[in-house]
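J.: Please read through the structure below; I'll follow up with questions.
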Amino acid sequence: MDATDLKVFEAVVRLGSMNRATAELNTLQSNVTARVRALELELGVILFQRHARGVKITPAGRRMLPFSARISKVFSDARAAARDDGVPSGVLEVGTLETTAAIRLPSVLASFTKAYPKVRPVVTTGTTCSLIEDVVECRLEGAFVAGPVDHPDLQQENAFREELVLVTPRSIRGIEDLKSINELKTIVFRVGCSYRIKLDNLLNKAGILVAQPLEFGSIDAILGCVAAGVGITLLPKGVVAAAWQDGRVAVHELDAEFAEVQTVFIRRTDAYMSSALLAFLEIVRPDAELRVAAE
């Protein structure tokens, strides 16, 4: 088993086809097939079930996949460490919540790219749950998520403190008004969003029944639906400031139990910290007063 075997295995899993893996890796299909078969022989298990439309990972392959990603990351870290002379360069892959990307990262990225032009930041947005998984599985160097995060493989640092507010159509004067609405709809990000969980808890505590939530992938879509009277949502105050000032939505402040949320930056405890990531966090710290959560 070597780094190339694991790279081929991961590509076949992700793409679901040896043909597509061959194209992405820019090699011959016979090489991909031989690598997979050699890996299966060495492990003594079948990693893929072959069928006419491609391949399907077996339970054994699924159990191996997390270790494959970590081992590949170790090889990648070793190469990066050997080449890292302390001058930030290369690609920096980090993740962030959609809301953090909207209100916190623009100024940070502007300062970072100006100070370190040899680094190319690649920013992925997602929910807290999906971003945690991406960091654990070594697909991202780190990510901004809603904290606290309790995971044995992750280290977290406090980044930004946000105030969440209930966002409703202008006709709603307060949370009590929601009790009289039949089939009240919540407008939220997909499952795994921490704000969605907080909104559910808030409404449950108030004894308010809601219909099936409507899921959207962008802040603009969520706010547009709220402004149109479709439903309600829970978002950081900074995200909704413009829509509130324009009179498109109403904003309702909440008790600290539901209003306060800490955004943290997470990374794998055992991962190599590149000079690019160190430089990125140094840009963030003065602006966000980043602190080690354990302290």
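Each chain in the structure tokens gets a letter, A, B and so on, in the order shown; residues start at 1 in every chain, and ligands are counted from 1 in the order they appear.
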Tell me, as a PDB file with C-alpha atoms, in the first residue's frame, which residues lie within 9 Å of A:Gly238, counting only C-alpha atoms; anything in the same chain fewer than 2 positions away does not count.
T.:
ATOM      1  CA  THR A  99     -23.136  33.598   7.453  1.00  0.00           C
ATOM      2  CA  ILE A 103     -20.092  39.199   7.375  1.00  0.00           C
ATOM      3  CA  GLU A 162     -22.500  36.529  17.046  1.00  0.00           C
ATOM      4  CA  GLU A 163     -25.898  37.741  18.231  1.00  0.00           C
ATOM      5  CA  LEU A 164     -28.737  35.746  16.703  1.00  0.00           C
ATOM      6  CA  LEU A 235     -29.736  34.455  11.689  1.00  0.00           C
ATOM      7  CA  PRO A 236     -26.871  36.610  13.006  1.00  0.00           C
ATOM      8  CA  VAL A 240     -29.913  40.781   8.327  1.00  0.00           C
ATOM      9  CA  ALA A 241     -28.939  44.406   9.032  1.00  0.00           C
ATOM     10  CA  ALA A 242     -29.439  45.634   5.456  1.00  0.00           C
TER      11      ALA A 242
END
J.: Which neighbours of A:Asp177 fall inside 12 Å, counting only C-alpha atoms, when residues of the same chain fewer than 5 positions from it are skipped, and could you give them as a PyMOL selection string?
T.: chain A and resi 168-172+182+184+206+208+232+252
J.: Since we have the selection now, will you write its residues out, keeping N, CA, C and O atoms, as a short mmCIF file (atom, residue, chain, number, x, y, z; two decimals), in the first residue's frame?
T.:
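Final output, saved to result_8.cif:
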data_model
loop_
_atom_site.label_atom_id
_atom_site.label_comp_id
_atom_site.auth_asym_id
_atom_site.auth_seq_id
_atom_site.Cartn_x
_atom_site.Cartn_y
_atom_site.Cartn_z
N THR A 168 -38.59 37.84 10.93
CA THR A 168 -39.96 37.53 10.52
C THR A 168 -40.45 38.53 9.49
O THR A 168 -39.82 39.59 9.28
N PRO A 169 -41.60 38.26 8.87
CA PRO A 169 -42.24 39.29 8.04
C PRO A 169 -42.57 40.51 8.90
O PRO A 169 -42.71 40.41 10.12
N ARG A 170 -42.71 41.66 8.29
CA ARG A 170 -42.94 42.91 9.02
C ARG A 170 -44.24 42.89 9.81
O ARG A 170 -44.39 43.63 10.80
N SER A 171 -45.19 42.05 9.42
CA SER A 171 -46.49 42.02 10.10
C SER A 171 -46.41 41.39 11.49
O SER A 171 -47.33 41.53 12.29
N ILE A 172 -45.31 40.69 11.79
CA ILE A 172 -45.15 40.02 13.08
C ILE A 172 -44.54 41.00 14.08
O ILE A 172 -43.45 41.53 13.86
N ASN A 182 -51.30 29.32 11.61
CA ASN A 182 -51.42 27.90 11.26
C ASN A 182 -50.36 27.53 10.23
O ASN A 182 -50.08 28.30 9.30
N LEU A 184 -47.12 27.37 10.47
CA LEU A 184 -45.98 28.28 10.46
C LEU A 184 -44.77 27.59 9.83
O LEU A 184 -44.42 26.47 10.19
N ALA A 206 -41.31 27.76 23.31
CA ALA A 206 -42.47 28.67 23.31
C ALA A 206 -43.77 27.95 23.02
O ALA A 206 -44.84 28.58 23.02
N ILE A 208 -44.67 26.52 20.17
CA ILE A 208 -45.16 26.89 18.84
C ILE A 208 -44.93 25.73 17.88
O ILE A 208 -43.81 25.24 17.72
N ILE A 232 -40.37 32.27 8.79
CA ILE A 232 -39.45 32.96 9.70
C ILE A 232 -38.11 32.24 9.71
O ILE A 232 -37.99 31.10 9.24
N HIS A 252 -36.35 40.57 15.79
CA HIS A 252 -36.75 40.47 17.19
C HIS A 252 -35.58 39.93 18.01
O HIS A 252 -35.08 38.83 17.73
#
J.: If we count only C-alpha atoms and set the cut-off at 9 Å, which residues sit around A:Thr58, ignoring sequence neighbours fewer than 5 positions away in its own chain? Please answer as a PyMOL selection string.
T.: chain A and resi 46-49+63
J.: Could you jot down the atom CA of A:Asn158 to atom CA of A:Met273 separation for me, Å, one decimal place?
T.: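 According to the coordinates, atom CA of A:Asn158 and atom CA of A:Met273 are separated by 17.5 Å.
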J.: Between A:Arg120, A:Trp244, A:Ala60, A:Val45, which is the closest to A:Gly224 once you count only C-alpha atoms?
T.: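 Among the listed residues, the smallest separation from A:Gly224 belongs to A:Trp244.
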J.: Out of A:Pro213, A:Cys138, A:Asn201, A:Gly231, which residue has the shortest atom-to-atom distance to A:Leu178 when counting only C-alpha atoms?
T.: A:Gly231
J.: Can you tell me which residues surround A:Thr186 at a distance of at most 12 Å, considering only C-alpha atoms, apart from same-chain residues fewer than 5 positions away, and format the answer as an MDAnalysis selection string?
T.: chainID A and resid 166:169 178 181 195:200 202:203 208:216 222:223 225:226 229:235
J.: I want to know what sits within 10 Å of stretch 107-116 of chain A, based on only C-alpha atoms, with residues of the same chain fewer than 2 positions away left out; could you give that as a VMD selection string?
T.: chain A and resid 87 to 89 101 103 to 105 118 to 121 123 276 279 to 285 287 to 288
J.: Going by DSSP on the backbone, which residues of stretch 54-254 of chain A come out as strand (DSSP E or B)? List them as an NGL selection string.
T.: :A and (54-57 or 90-96 or 119-125 or 142-146 or 154-168 or 184 or 186-188 or 210 or 214-215 or 232-236 or 250-252)
J.: Filtering to N, CA and C atoms, could you give me those residues as a compact mmCIF listing (two decimals), in the first residue's frame?
T.:
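Output file out.txt follows:
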# COMPACT_ATOMS: atom_id res chain seq x y z
N GLY A 54 -20.71 1.34 -13.18
CA GLY A 54 -19.52 1.77 -12.45
C GLY A 54 -19.22 0.82 -11.31
N VAL A 55 -18.96 1.39 -10.14
CA VAL A 55 -18.66 0.57 -8.97
C VAL A 55 -19.38 1.14 -7.75
N LYS A 56 -19.58 0.26 -6.77
CA LYS A 56 -20.19 0.65 -5.51
C LYS A 56 -19.30 0.18 -4.38
N ILE A 57 -19.00 1.07 -3.45
CA ILE A 57 -18.11 0.72 -2.35
C ILE A 57 -18.77 -0.32 -1.45
N GLY A 90 1.22 28.57 -1.96
CA GLY A 90 0.41 27.41 -2.30
C GLY A 90 -1.07 27.64 -2.05
N VAL A 91 -1.79 26.54 -1.92
CA VAL A 91 -3.25 26.57 -1.75
C VAL A 91 -3.59 26.40 -0.27
N LEU A 92 -4.51 27.22 0.22
CA LEU A 92 -5.03 27.10 1.58
C LEU A 92 -6.52 26.80 1.49
N GLU A 93 -6.92 25.61 1.91
CA GLU A 93 -8.32 25.19 1.82
C GLU A 93 -8.97 25.24 3.20
N VAL A 94 -9.90 26.16 3.37
CA VAL A 94 -10.62 26.30 4.63
C VAL A 94 -12.12 26.32 4.36
N GLY A 95 -12.88 26.02 5.41
CA GLY A 95 -14.33 26.03 5.30
C GLY A 95 -14.94 27.08 6.20
N THR A 96 -16.19 27.42 5.94
CA THR A 96 -16.85 28.44 6.75
C THR A 96 -18.36 28.30 6.63
N VAL A 119 -0.26 32.90 -1.80
CA VAL A 119 -1.22 31.91 -1.30
C VAL A 119 -2.55 32.08 -2.03
N ARG A 120 -3.12 30.96 -2.44
CA ARG A 120 -4.44 30.99 -3.09
C ARG A 120 -5.45 30.38 -2.15
N PRO A 121 -6.27 31.21 -1.47
CA PRO A 121 -7.28 30.66 -0.57
C PRO A 121 -8.42 30.02 -1.36
N VAL A 122 -8.85 28.86 -0.91
CA VAL A 122 -10.02 28.19 -1.46
C VAL A 122 -11.00 28.01 -0.31
N VAL A 123 -12.15 28.69 -0.38
CA VAL A 123 -13.10 28.71 0.73
C VAL A 123 -14.34 27.89 0.36
N THR A 124 -14.67 26.93 1.22
CA THR A 124 -15.85 26.08 1.04
C THR A 124 -16.88 26.43 2.10
N THR A 125 -18.13 26.63 1.70
CA THR A 125 -19.19 26.91 2.67
C THR A 125 -20.00 25.65 2.94
N GLY A 142 -8.99 23.48 7.89
CA GLY A 142 -9.70 23.99 9.06
C GLY A 142 -10.99 24.62 8.62
N ALA A 143 -11.82 25.04 9.59
CA ALA A 143 -13.11 25.62 9.23
C ALA A 143 -13.67 26.45 10.38
N PHE A 144 -14.45 27.47 10.01
CA PHE A 144 -15.20 28.26 10.98
C PHE A 144 -16.58 27.63 11.13
N VAL A 145 -16.92 27.20 12.36
CA VAL A 145 -18.21 26.55 12.61
C VAL A 145 -18.80 27.11 13.90
N ALA A 146 -20.05 26.78 14.16
CA ALA A 146 -20.69 27.19 15.41
C ALA A 146 -20.20 26.28 16.53
N LEU A 154 -10.26 16.96 17.08
CA LEU A 154 -10.25 18.37 16.68
C LEU A 154 -9.81 19.30 17.80
N GLN A 155 -9.13 20.36 17.39
CA GLN A 155 -8.78 21.46 18.27
C GLN A 155 -9.59 22.67 17.82
N GLN A 156 -10.10 23.44 18.79
CA GLN A 156 -10.91 24.60 18.43
C GLN A 156 -10.37 25.86 19.10
N GLU A 157 -10.58 26.98 18.43
CA GLU A 157 -10.23 28.29 18.95
C GLU A 157 -11.42 29.21 18.77
N ASN A 158 -11.73 29.99 19.78
CA ASN A 158 -12.81 30.96 19.65
C ASN A 158 -12.46 31.99 18.59
N ALA A 159 -13.42 32.31 17.75
CA ALA A 159 -13.18 33.27 16.68
C ALA A 159 -14.10 34.48 16.80
N PHE A 160 -15.36 34.31 16.48
CA PHE A 160 -16.29 35.44 16.47
C PHE A 160 -17.50 35.14 17.35
N ARG A 161 -17.96 36.13 18.09
CA ARG A 161 -19.20 35.99 18.85
C ARG A 161 -20.31 36.70 18.09
N GLU A 162 -21.38 35.97 17.80
CA GLU A 162 -22.50 36.53 17.05
C GLU A 162 -23.75 36.65 17.93
N GLU A 163 -24.59 37.62 17.60
CA GLU A 163 -25.90 37.74 18.23
C GLU A 163 -26.95 37.29 17.23
N LEU A 164 -27.67 36.23 17.57
CA LEU A 164 -28.74 35.75 16.70
C LEU A 164 -30.04 36.49 16.99
N VAL A 165 -30.81 36.72 15.94
CA VAL A 165 -32.11 37.38 16.08
C VAL A 165 -33.15 36.59 15.31
N LEU A 166 -34.38 36.68 15.77
CA LEU A 166 -35.50 36.07 15.06
C LEU A 166 -35.91 37.02 13.94
N VAL A 167 -35.99 36.52 12.74
CA VAL A 167 -36.31 37.34 11.56
C VAL A 167 -37.67 36.89 11.03
N THR A 168 -38.59 37.84 10.93
CA THR A 168 -39.96 37.53 10.52
C THR A 168 -40.45 38.53 9.49
N LEU A 184 -47.12 27.37 10.47
CA LEU A 184 -45.98 28.28 10.46
C LEU A 184 -44.77 27.59 9.83
N THR A 186 -40.66 27.52 8.84
CA THR A 186 -39.32 28.03 9.11
C THR A 186 -38.51 27.95 7.81
N ILE A 187 -37.72 28.99 7.56
CA ILE A 187 -36.90 29.07 6.35
C ILE A 187 -35.46 28.90 6.80
N VAL A 188 -34.82 27.80 6.44
CA VAL A 188 -33.54 27.44 7.06
C VAL A 188 -32.55 26.87 6.04
N VAL A 210 -44.72 24.02 14.18
CA VAL A 210 -44.31 24.48 12.85
C VAL A 210 -44.54 23.39 11.82
N LEU A 214 -38.64 24.78 5.17
CA LEU A 214 -38.20 24.99 3.79
C LEU A 214 -36.69 25.23 3.82
N GLU A 215 -35.94 24.45 3.04
CA GLU A 215 -34.49 24.53 3.05
C GLU A 215 -33.98 25.29 1.83
N ILE A 232 -40.37 32.27 8.79
CA ILE A 232 -39.45 32.96 9.70
C ILE A 232 -38.11 32.24 9.71
N THR A 233 -37.09 32.90 10.26
CA THR A 233 -35.78 32.28 10.35
C THR A 233 -35.01 32.84 11.54
N LEU A 234 -33.82 32.29 11.78
CA LEU A 234 -32.93 32.75 12.85
C LEU A 234 -31.55 32.92 12.24
N LEU A 235 -31.01 34.15 12.32
CA LEU A 235 -29.74 34.46 11.69
C LEU A 235 -28.96 35.46 12.54
N PRO A 236 -27.63 35.57 12.32
CA PRO A 236 -26.87 36.61 13.01
C PRO A 236 -27.37 38.00 12.63
N ALA A 250 -38.75 42.13 9.71
CA ALA A 250 -38.73 42.57 11.11
C ALA A 250 -37.73 41.72 11.87
N VAL A 251 -37.06 42.34 12.84
CA VAL A 251 -36.05 41.66 13.65
C VAL A 251 -36.46 41.71 15.11
N HIS A 252 -36.35 40.57 15.79
CA HIS A 252 -36.75 40.47 17.19
C HIS A 252 -35.58 39.93 18.01
J.: Just checking: using only C-alpha atoms, which residue out of A:Ala34, A:Ala221, A:Ile132, A:Ala227 ends up closest to A:Ile266?
T.: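 Using only C-alpha atoms, the shortest distance to A:Ile266 belongs to A:Ile132.
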J.: Rank nothing, just name the residue among A:Glu98, A:Glu133, A:Glu257, A:Glu141 nearest to A:Lys205, using only C-alpha atoms.
T.: A:Glu257
J.: Atom CA of A:Ala271 and atom CA of A:Pro59 are how many Å apart?
T.: 27.0 Å
